[in-house]
$ cat final-v2.pdb   # PDB, C-alpha atoms
ATOM      1  CA  MET A   1     122.799  79.904  99.756
ATOM      2  CA  LYS A   2     123.046  81.602 103.138
ATOM      3  CA  ILE A   3     120.845  84.565 104.043
ATOM      4  CA  TYR A   4     123.839  86.574 105.211
ATOM      5  CA  THR A   5     126.530  87.839 102.845
ATOM      6  CA  ARG A   6     128.548  90.089 105.192
ATOM      7  CA  GLY A   7     128.578  92.570 102.312
ATOM      8  CA  GLY A   8     126.762  95.206 104.339
ATOM      9  CA  ASP A   9     129.038  95.092 107.354
ATOM     10  CA  LYS A  10     130.807  98.261 106.226
ATOM     11  CA  GLY A  11     127.659 100.306 105.650
ATOM     12  CA  LYS A  12     127.075  99.618 101.954
ATOM     13  CA  THR A  13     124.354  97.656 100.197
ATOM     14  CA  GLY A  14     123.745  96.565  96.619
ATOM     15  CA  ILE A  15     121.099  98.004  94.310
ATOM     16  CA  PHE A  16     119.744  96.873  90.954
ATOM     17  CA  GLY A  17     122.538  96.958  88.391
ATOM     18  CA  GLY A  18     125.248  95.910  90.840
ATOM     19  CA  LYS A  19     126.230  99.307  92.222
ATOM     20  CA  ARG A  20     126.738  99.602  95.982
ATOM     21  CA  VAL A  21     125.467 102.602  97.924
ATOM     22  CA  SER A  22     125.469 103.735 101.539
ATOM     23  CA  LYS A  23     122.817 102.114 103.709
ATOM     24  CA  ASP A  24     121.453 105.575 104.496
ATOM     25  CA  HIS A  25     121.257 106.623 100.822
ATOM     26  CA  PRO A  26     117.832 108.102  99.948
ATOM     27  CA  ARG A  27     117.156 105.098  97.682
ATOM     28  CA  ILE A  28     117.689 102.710 100.591
ATOM     29  CA  GLU A  29     115.737 104.924 103.017
ATOM     30  CA  ALA A  30     112.799 104.952 100.588
ATOM     31  CA  ASN A  31     112.909 101.205 100.004
ATOM     32  CA  GLY A  32     113.309 100.467 103.697
ATOM     33  CA  THR A  33     110.194 102.469 104.465
ATOM     34  CA  ILE A  34     108.260 100.773 101.658
ATOM     35  CA  ASP A  35     109.400  97.406 103.037
ATOM     36  CA  GLU A  36     108.149  98.467 106.471
ATOM     37  CA  LEU A  37     104.811  99.404 104.889
ATOM     38  CA  ASN A  38     104.563  95.974 103.284
ATOM     39  CA  SER A  39     105.202  94.381 106.679
ATOM     40  CA  VAL A  40     102.443  96.433 108.317
ATOM     41  CA  ILE A  41     100.066  95.296 105.569
ATOM     42  CA  GLY A  42     101.097  91.737 106.429
ATOM     43  CA  VAL A  43     100.112  92.390 110.044
ATOM     44  CA  VAL A  44      96.710  93.662 108.901
ATOM     45  CA  ARG A  45      96.214  90.569 106.760
ATOM     46  CA  ALA A  46      97.194  88.327 109.693
ATOM     47  CA  HIS A  47      94.326  89.844 111.711
ATOM     48  CA  LEU A  48      91.787  89.165 108.952
ATOM     49  CA  SER A  49      90.145  85.840 108.273
ATOM     50  CA  SER A  50      91.501  84.041 105.225
ATOM     51  CA  ASP A  51      88.208  84.615 103.395
ATOM     52  CA  HIS A  52      87.888  88.303 104.301
ATOM     53  CA  GLU A  53      86.972  90.487 101.300
ATOM     54  CA  TRP A  54      90.165  92.520 101.732
ATOM     55  CA  GLN A  55      92.574  89.578 101.484
ATOM     56  CA  PRO A  56      92.807  89.680  97.666
ATOM     57  CA  ILE A  57      93.045  93.489  97.659
ATOM     58  CA  LEU A  58      95.824  93.543 100.231
ATOM     59  CA  PHE A  59      97.597  90.630  98.534
ATOM     60  CA  LYS A  60      97.583  92.567  95.259
ATOM     61  CA  ILE A  61      98.918  95.650  97.032
ATOM     62  CA  GLN A  62     101.697  93.640  98.678
ATOM     63  CA  THR A  63     102.793  92.039  95.420
ATOM     64  CA  GLU A  64     102.740  95.407  93.646
ATOM     65  CA  ILE A  65     104.784  96.908  96.499
ATOM     66  CA  MET A  66     107.461  94.319  95.705
ATOM     67  CA  VAL A  67     107.514  95.650  92.132
ATOM     68  CA  VAL A  68     107.686  99.209  93.497
ATOM     69  CA  MET A  69     110.693  98.251  95.616
ATOM     70  CA  SER A  70     112.404  96.766  92.577
ATOM     71  CA  GLN A  71     111.760  99.950  90.593
ATOM     72  CA  VAL A  72     112.972 102.168  93.446
ATOM     73  CA  ALA A  73     116.141 100.045  93.761
ATOM     74  CA  THR A  74     116.890 100.713  90.105
ATOM     75  CA  PRO A  75     118.637 103.921  89.011
ATOM     76  CA  SER A  76     116.625 105.746  86.351
ATOM     77  CA  ASP A  77     119.359 105.410  83.708
ATOM     78  CA  ILE A  78     119.015 101.601  83.732
ATOM     79  CA  ARG A  79     115.371 101.275  84.756
ATOM     80  CA  ASP A  80     114.413 100.013  81.273
ATOM     81  CA  THR A  81     116.462  96.868  81.989
ATOM     82  CA  ASN A  82     114.361  96.005  85.053
ATOM     83  CA  GLN A  83     111.869  93.300  84.112
ATOM     84  CA  ASN A  84     109.563  94.117  87.025
ATOM     85  CA  VAL A  85     107.043  96.477  85.454
ATOM     86  CA  LEU A  86     104.603  98.400  87.601
ATOM     87  CA  ASP A  87     100.943  98.567  86.638
ATOM     88  CA  GLU A  88     100.388 102.216  85.645
ATOM     89  CA  ASN A  89      96.813 102.175  86.972
ATOM     90  CA  LEU A  90      97.340 101.196  90.600
ATOM     91  CA  ASP A  91      96.245 104.652  91.721
ATOM     92  CA  LYS A  92      92.933 104.045  89.948
ATOM     93  CA  PHE A  93      92.628 100.627  91.616
ATOM     94  CA  CYS A  94      93.010 102.312  95.020
ATOM     95  CA  GLU A  95      90.489 105.008  94.079
ATOM     96  CA  GLU A  96      87.906 102.409  93.036
ATOM     97  CA  CYS A  97      88.335 100.581  96.351
ATOM     98  CA  MET A  98      87.957 103.847  98.287
ATOM     99  CA  ASP A  99      84.929 104.974  96.302
ATOM    100  CA  LYS A 100      83.123 101.695  96.961
ATOM    101  CA  MET A 101      83.652 101.943 100.722
ATOM    102  CA  THR A 102      82.905 105.669 100.886
ATOM    103  CA  ASP A 103      79.676 105.227  98.913
ATOM    104  CA  GLU A 104      78.484 102.856 101.632
ATOM    105  CA  MET A 105      79.651 104.678 104.784
ATOM    106  CA  GLY A 106      79.746 108.308 103.648
ATOM    107  CA  PRO A 107      82.661 110.734 103.374
ATOM    108  CA  SER A 108      84.984 111.665 106.193
ATOM    109  CA  GLU A 109      84.294 115.083 107.652
ATOM    110  CA  THR A 110      86.533 115.050 110.715
ATOM    111  CA  PHE A 111      90.040 114.282 111.813
ATOM    112  CA  VAL A 112      89.937 110.961 113.628
ATOM    113  CA  LEU A 113      92.225 109.565 116.274
ATOM    114  CA  PRO A 114      93.983 106.382 115.134
ATOM    115  CA  GLY A 115      92.776 103.351 117.022
ATOM    116  CA  GLY A 116      89.531 101.471 117.346
ATOM    117  CA  THR A 117      89.769  97.817 116.435
ATOM    118  CA  VAL A 118      93.130  96.076 116.029
ATOM    119  CA  VAL A 119      92.611  96.064 112.248
ATOM    120  CA  SER A 120      91.646  99.745 112.156
ATOM    121  CA  ALA A 121      94.630 100.730 114.298
ATOM    122  CA  ASN A 122      97.021  98.784 112.073
ATOM    123  CA  LEU A 123      95.488 100.306 108.949
ATOM    124  CA  GLN A 124      96.126 103.743 110.469
ATOM    125  CA  LEU A 125      99.720 102.661 111.085
ATOM    126  CA  ALA A 126      99.943 101.570 107.432
ATOM    127  CA  ARG A 127      98.592 104.995 106.439
ATOM    128  CA  ALA A 128     101.282 106.785 108.442
ATOM    129  CA  VAL A 129     104.074 104.554 107.089
ATOM    130  CA  ALA A 130     102.786 105.101 103.525
ATOM    131  CA  ARG A 131     103.005 108.851 104.074
ATOM    132  CA  ARG A 132     106.577 108.521 105.320
ATOM    133  CA  ALA A 133     107.405 106.330 102.318
ATOM    134  CA  GLU A 134     106.033 109.038 100.054
ATOM    135  CA  ARG A 135     108.238 111.657 101.740
ATOM    136  CA  ARG A 136     111.284 109.413 101.323
ATOM    137  CA  LEU A 137     110.415 108.889  97.659
ATOM    138  CA  TRP A 138     110.243 112.645  97.091
ATOM    139  CA  THR A 139     113.681 112.991  98.695
ATOM    140  CA  LEU A 140     115.031 110.345  96.305
ATOM    141  CA  ASN A 141     113.229 112.001  93.396
ATOM    142  CA  LYS A 142     115.367 115.132  93.941
ATOM    143  CA  GLN A 143     118.436 113.014  93.123
ATOM    144  CA  ASP A 144     117.072 110.493  90.641
ATOM    145  CA  GLU A 145     113.632 110.468  89.072
ATOM    146  CA  VAL A 146     111.156 108.054  90.604
ATOM    147  CA  PRO A 147     108.489 106.747  88.190
ATOM    148  CA  ALA A 148     105.294 108.806  88.381
ATOM    149  CA  ALA A 149     103.202 105.631  88.735
ATOM    150  CA  VAL A 150     105.135 104.776  91.916
ATOM    151  CA  MET A 151     104.502 108.232  93.357
ATOM    152  CA  ARG A 152     100.774 108.107  92.558
ATOM    153  CA  PHE A 153     100.381 104.581  93.970
ATOM    154  CA  ILE A 154     102.098 105.317  97.285
ATOM    155  CA  ASN A 155     100.130 108.563  97.608
ATOM    156  CA  ARG A 156      96.832 106.739  97.081
ATOM    157  CA  LEU A 157      97.787 103.979  99.494
ATOM    158  CA  SER A 158      97.769 106.357 102.445
ATOM    159  CA  ASP A 159      94.277 107.494 101.452
ATOM    160  CA  LEU A 160      93.153 103.903 100.930
ATOM    161  CA  PHE A 161      94.390 102.761 104.328
ATOM    162  CA  PHE A 162      92.671 105.719 106.005
ATOM    163  CA  THR A 163      89.433 104.796 104.221
ATOM    164  CA  MET A 164      89.832 101.121 105.113
ATOM    165  CA  ALA A 165      90.415 102.022 108.769
ATOM    166  CA  ARG A 166      87.201 104.070 108.768
ATOM    167  CA  TYR A 167      85.328 101.292 106.970
ATOM    168  CA  GLU A 168      86.556  98.717 109.480
ATOM    169  CA  MET A 169      85.123 100.853 112.281
ATOM    170  CA  TYR A 170      81.889 101.360 110.332
ATOM    171  CA  LYS A 171      81.446  97.616 109.719
ATOM    172  CA  ALA A 172      82.261  96.825 113.365
ATOM    173  CA  GLY A 173      79.598  99.302 114.465
ATOM    174  CA  ASP A 174      82.187 101.261 116.423
ATOM    175  CA  VAL A 175      82.292 105.041 116.585
ATOM    176  CA  GLU A 176      85.476 106.723 115.454
ATOM    177  CA  GLU A 177      87.063 108.942 118.046
ATOM    178  CA  ARG A 178      86.916 112.355 116.442
ATOM    179  CA  TRP A 179      89.241 115.230 117.053
ATOM    180  CA  LYS A 180      87.990 118.195 114.980
ATOM    181  CA  ASP A 181      85.941 118.833 111.873
ATOM    182  CA  PHE A 182      87.933 119.524 108.735
ATOM    183  CA  LEU A 183      88.545 123.261 108.541
ATOM    184  CA  TYR A 184      86.869 123.603 105.154
ATOM    185  CA  LYS A 185      83.725 121.967 106.582
ATOM    186  CA  ARG A 186      83.365 124.564 109.347
ATOM    187  CA  LYS A 187      80.960 127.434 108.920
TER     188      LYS A 187
END
$ encode --input "final-v2.pdb" --output "structure tokens"
Amino acid sequence: MKIYTRGGDKGKTGIFGGKRVSKDHPRIEANGTIDELNSVIGVVRAHLSSDHEWQPILFKIQTEIMVVMSQVATPSDIRDTNQNVLDENLDKFCEECMDKMTDEMGPSETFVLPGGTVVSANLQLARAVARRAERRLWTLNKQDEVPAAVMRFINRLSDLFFTMARYEMYKAGDVEERWKDFLYKRK
């Protein structure tokens, strides 16, 4: 089977269930951004050693993102026919990972400039792409309901990647470049 089908040459692409939609349909925009997020996570993993403690965490996230993409590609009226079922507790998984890192390094009290190490910078990129994915999902949700577990997971991912970027800097002994204290922390 060839990778190309020529089916998209006229601006349409297939979704779960066989329907074809415009390549700029909110469903495709959302999935394209989630796919981009998964690729950025792959870049992060490529910069980590194969035995790094985050490899299994990021692998799990990547495989669950594939399930998310399958769910997003499926219109809500036929979603029950999709055999790819998302773990309803992925938001909790992300929270547990964040809590463990935050307990060790302390909470964030300032806005930080993205950068630092290559891993930290790419985690900040993943954070920003996750936020865009969430916005695209909310746009789709106005037309066709997106599963709540998907929305919670993508929302937590941006927080997790921010926390991981901070933790990477903490473990490297580097100082985050700070911009301003959080407004609610000011006296």
$ resolve_selection --input "final-v2.pdb" --expression "the PyMOL selection byres ((chain A and resi 75-91) around 12)" --output "VMD selection string"
chain A and resid 14 to 21 26 to 28 57 60 to 74 92 to 98 140 to 141 143 to 160
$ write_last_selection --input "final-v2.pdb" --atoms "C-alpha atoms" --output "compact mmCIF listing (two decimals), keeping the file's coordinate frame"
# COMPACT_ATOMS: atom_id res chain seq x y z
CA GLY A 14 123.74 96.56 96.62
CA ILE A 15 121.10 98.00 94.31
CA PHE A 16 119.74 96.87 90.95
CA GLY A 17 122.54 96.96 88.39
CA GLY A 18 125.25 95.91 90.84
CA LYS A 19 126.23 99.31 92.22
CA ARG A 20 126.74 99.60 95.98
CA VAL A 21 125.47 102.60 97.92
CA PRO A 26 117.83 108.10 99.95
CA ARG A 27 117.16 105.10 97.68
CA ILE A 28 117.69 102.71 100.59
CA ILE A 57 93.04 93.49 97.66
CA LYS A 60 97.58 92.57 95.26
CA ILE A 61 98.92 95.65 97.03
CA GLN A 62 101.70 93.64 98.68
CA THR A 63 102.79 92.04 95.42
CA GLU A 64 102.74 95.41 93.65
CA ILE A 65 104.78 96.91 96.50
CA MET A 66 107.46 94.32 95.70
CA VAL A 67 107.51 95.65 92.13
CA VAL A 68 107.69 99.21 93.50
CA MET A 69 110.69 98.25 95.62
CA SER A 70 112.40 96.77 92.58
CA GLN A 71 111.76 99.95 90.59
CA VAL A 72 112.97 102.17 93.45
CA ALA A 73 116.14 100.04 93.76
CA THR A 74 116.89 100.71 90.10
CA LYS A 92 92.93 104.04 89.95
CA PHE A 93 92.63 100.63 91.62
CA CYS A 94 93.01 102.31 95.02
CA GLU A 95 90.49 105.01 94.08
CA GLU A 96 87.91 102.41 93.04
CA CYS A 97 88.34 100.58 96.35
CA MET A 98 87.96 103.85 98.29
CA LEU A 140 115.03 110.34 96.30
CA ASN A 141 113.23 112.00 93.40
CA GLN A 143 118.44 113.01 93.12
CA ASP A 144 117.07 110.49 90.64
CA GLU A 145 113.63 110.47 89.07
CA VAL A 146 111.16 108.05 90.60
CA PRO A 147 108.49 106.75 88.19
CA ALA A 148 105.29 108.81 88.38
CA ALA A 149 103.20 105.63 88.74
CA VAL A 150 105.14 104.78 91.92
CA MET A 151 104.50 108.23 93.36
CA ARG A 152 100.77 108.11 92.56
CA PHE A 153 100.38 104.58 93.97
CA ILE A 154 102.10 105.32 97.28
CA ASN A 155 100.13 108.56 97.61
CA ARG A 156 96.83 106.74 97.08
CA LEU A 157 97.79 103.98 99.49
CA SER A 158 97.77 106.36 102.44
CA ASP A 159 94.28 107.49 101.45
CA LEU A 160 93.15 103.90 100.93
$ closest_residue --input "final-v2.pdb" --among "A:Asp24, A:Asp9, A:Glu36, A:Asp174" --to "Ala133 (chain A)" --atoms "all atoms listed in the file"
A:Glu36
$ resolve_selection --input "final-v2.pdb" --expression "the PyMOL selection byres ((chain A and resi 169) around 12)" --output "NGL selection string"
:A and (101 or 105 or 112-121 or 123-124 or 162-168 or 170-177)
$ axis_aligned_box --input "final-v2.pdb" --around "region 43-49 of chain A" --padding-each-side "6 Å" --output "AutoDock Vina command-line options"
--center_x 95.1 --center_y 89.8 --center_z 109.2 --size_x 22.0 --size_y 19.8 --size_z 17.0
$ atom_distance --input "final-v2.pdb" --atom1 "CA of Phe111 (chain A)" --atom2 "CA of Ser39 (chain A)"
25.5 Å
$ closest_residue --input "final-v2.pdb" --among "A:Lys10, A:Phe161, A:His25, A:Asp99" --to "Ala130 (chain A)" --atoms "all atoms listed in the file"
A:Phe161
$ residues_around --input "final-v2.pdb" --residues "Gly42 (chain A)" --least-positions-apart "5" --cutoff "9 Å" --atoms "only C-alpha atoms" --output "list of chain:residue names"
A:Leu37, A:His47, A:Leu58, A:Phe59, A:Gln62
$ atom_distance --input "final-v2.pdb" --atom1 "CA of Leu125 (chain A)" --atom2 "CA of Thr33 (chain A)"
12.4 Å
$ decode --input "final-v2.pdb" --residues "region 16-104 of chain A" --atoms "C-alpha atoms" --output "compact mmCIF listing (two decimals), in the first residue's frame"
# COMPACT_ATOMS: atom_id res chain seq x y z
CA PHE A 16 -13.56 8.04 11.23
CA GLY A 17 -16.76 6.61 9.77
CA GLY A 18 -15.81 7.33 6.16
CA LYS A 19 -17.10 10.88 5.84
CA ARG A 20 -14.87 13.42 4.09
CA VAL A 21 -14.46 16.95 5.40
CA SER A 22 -12.52 20.05 4.40
CA LYS A 23 -8.87 20.03 5.41
CA ASP A 24 -9.47 23.22 7.38
CA HIS A 25 -12.49 21.81 9.25
CA PRO A 26 -12.22 22.38 13.03
CA ARG A 27 -11.90 18.60 13.53
CA ILE A 28 -8.88 18.49 11.24
CA GLU A 29 -7.39 21.68 12.73
CA ALA A 30 -7.68 20.16 16.21
CA ASN A 31 -6.18 16.83 15.17
CA GLY A 32 -3.40 18.50 13.21
CA THR A 33 -2.40 20.49 16.27
CA ILE A 34 -2.54 17.39 18.48
CA ASP A 35 -0.36 15.59 15.92
CA GLU A 36 2.09 18.49 16.06
CA LEU A 37 2.12 18.20 19.86
CA ASN A 38 2.91 14.49 19.61
CA SER A 39 5.81 15.31 17.29
CA VAL A 40 7.22 17.87 19.73
CA ILE A 41 7.05 15.25 22.48
CA GLY A 42 9.01 12.97 20.15
CA VAL A 43 11.68 15.67 19.86
CA VAL A 44 11.86 15.91 23.66
CA ARG A 45 12.22 12.14 23.93
CA ALA A 46 14.98 12.17 21.28
CA HIS A 47 16.99 14.53 23.51
CA LEU A 48 16.64 12.26 26.55
CA SER A 49 18.71 9.17 27.20
CA SER A 50 16.85 5.92 26.60
CA ASP A 51 16.87 5.19 30.34
CA HIS A 52 15.73 8.66 31.42
CA GLU A 53 12.93 8.55 34.02
CA TRP A 54 10.62 10.49 31.70
CA GLN A 55 10.82 8.06 28.78
CA PRO A 56 7.98 5.82 30.03
CA ILE A 57 5.86 8.85 31.01
CA LEU A 58 6.29 10.52 27.64
CA PHE A 59 5.76 7.21 25.82
CA LYS A 60 2.46 6.76 27.65
CA ILE A 61 1.44 10.31 26.78
CA GLN A 62 2.30 9.78 23.11
CA THR A 63 0.32 6.55 22.87
CA GLU A 64 -2.66 8.14 24.63
CA ILE A 65 -2.44 11.11 22.25
CA MET A 66 -2.94 8.63 19.40
CA VAL A 67 -6.16 7.52 21.10
CA VAL A 68 -7.15 11.18 21.54
CA MET A 69 -6.63 11.77 17.83
CA SER A 70 -8.81 8.78 17.01
CA GLN A 71 -11.55 10.09 19.30
CA VAL A 72 -11.30 13.61 17.86
CA ALA A 73 -11.51 12.18 14.32
CA THR A 74 -14.78 10.51 15.23
CA PRO A 75 -18.08 12.42 15.11
CA SER A 76 -19.92 12.21 18.43
CA ASP A 77 -22.92 10.40 16.93
CA ILE A 78 -20.74 7.38 16.03
CA ARG A 79 -18.09 7.66 18.73
CA ASP A 80 -19.40 4.52 20.48
CA THR A 81 -18.25 2.51 17.45
CA ASN A 82 -14.63 3.64 17.87
CA GLN A 83 -12.66 0.87 19.56
CA ASN A 84 -9.93 3.24 20.74
CA VAL A 85 -11.04 4.10 24.26
CA LEU A 86 -9.36 6.88 26.19
CA ASP A 87 -8.35 6.34 29.80
CA GLU A 88 -10.68 8.62 31.79
CA ASN A 89 -8.00 9.32 34.41
CA LEU A 90 -5.20 10.76 32.29
CA ASP A 91 -5.69 14.16 33.90
CA LYS A 92 -5.01 12.53 37.27
CA PHE A 93 -1.90 10.82 35.85
CA CYS A 94 -0.59 14.24 34.77
CA GLU A 95 -1.44 15.75 38.16
CA GLU A 96 0.45 13.00 40.00
CA CYS A 97 3.52 13.57 37.82
CA MET A 98 3.35 17.34 38.44
CA ASP A 99 2.84 16.96 42.18
CA LYS A 100 5.89 14.72 42.49
CA MET A 101 8.14 17.21 40.70
CA THR A 102 6.67 20.25 42.45
CA ASP A 103 7.08 18.63 45.87
CA GLU A 104 10.81 18.38 45.16
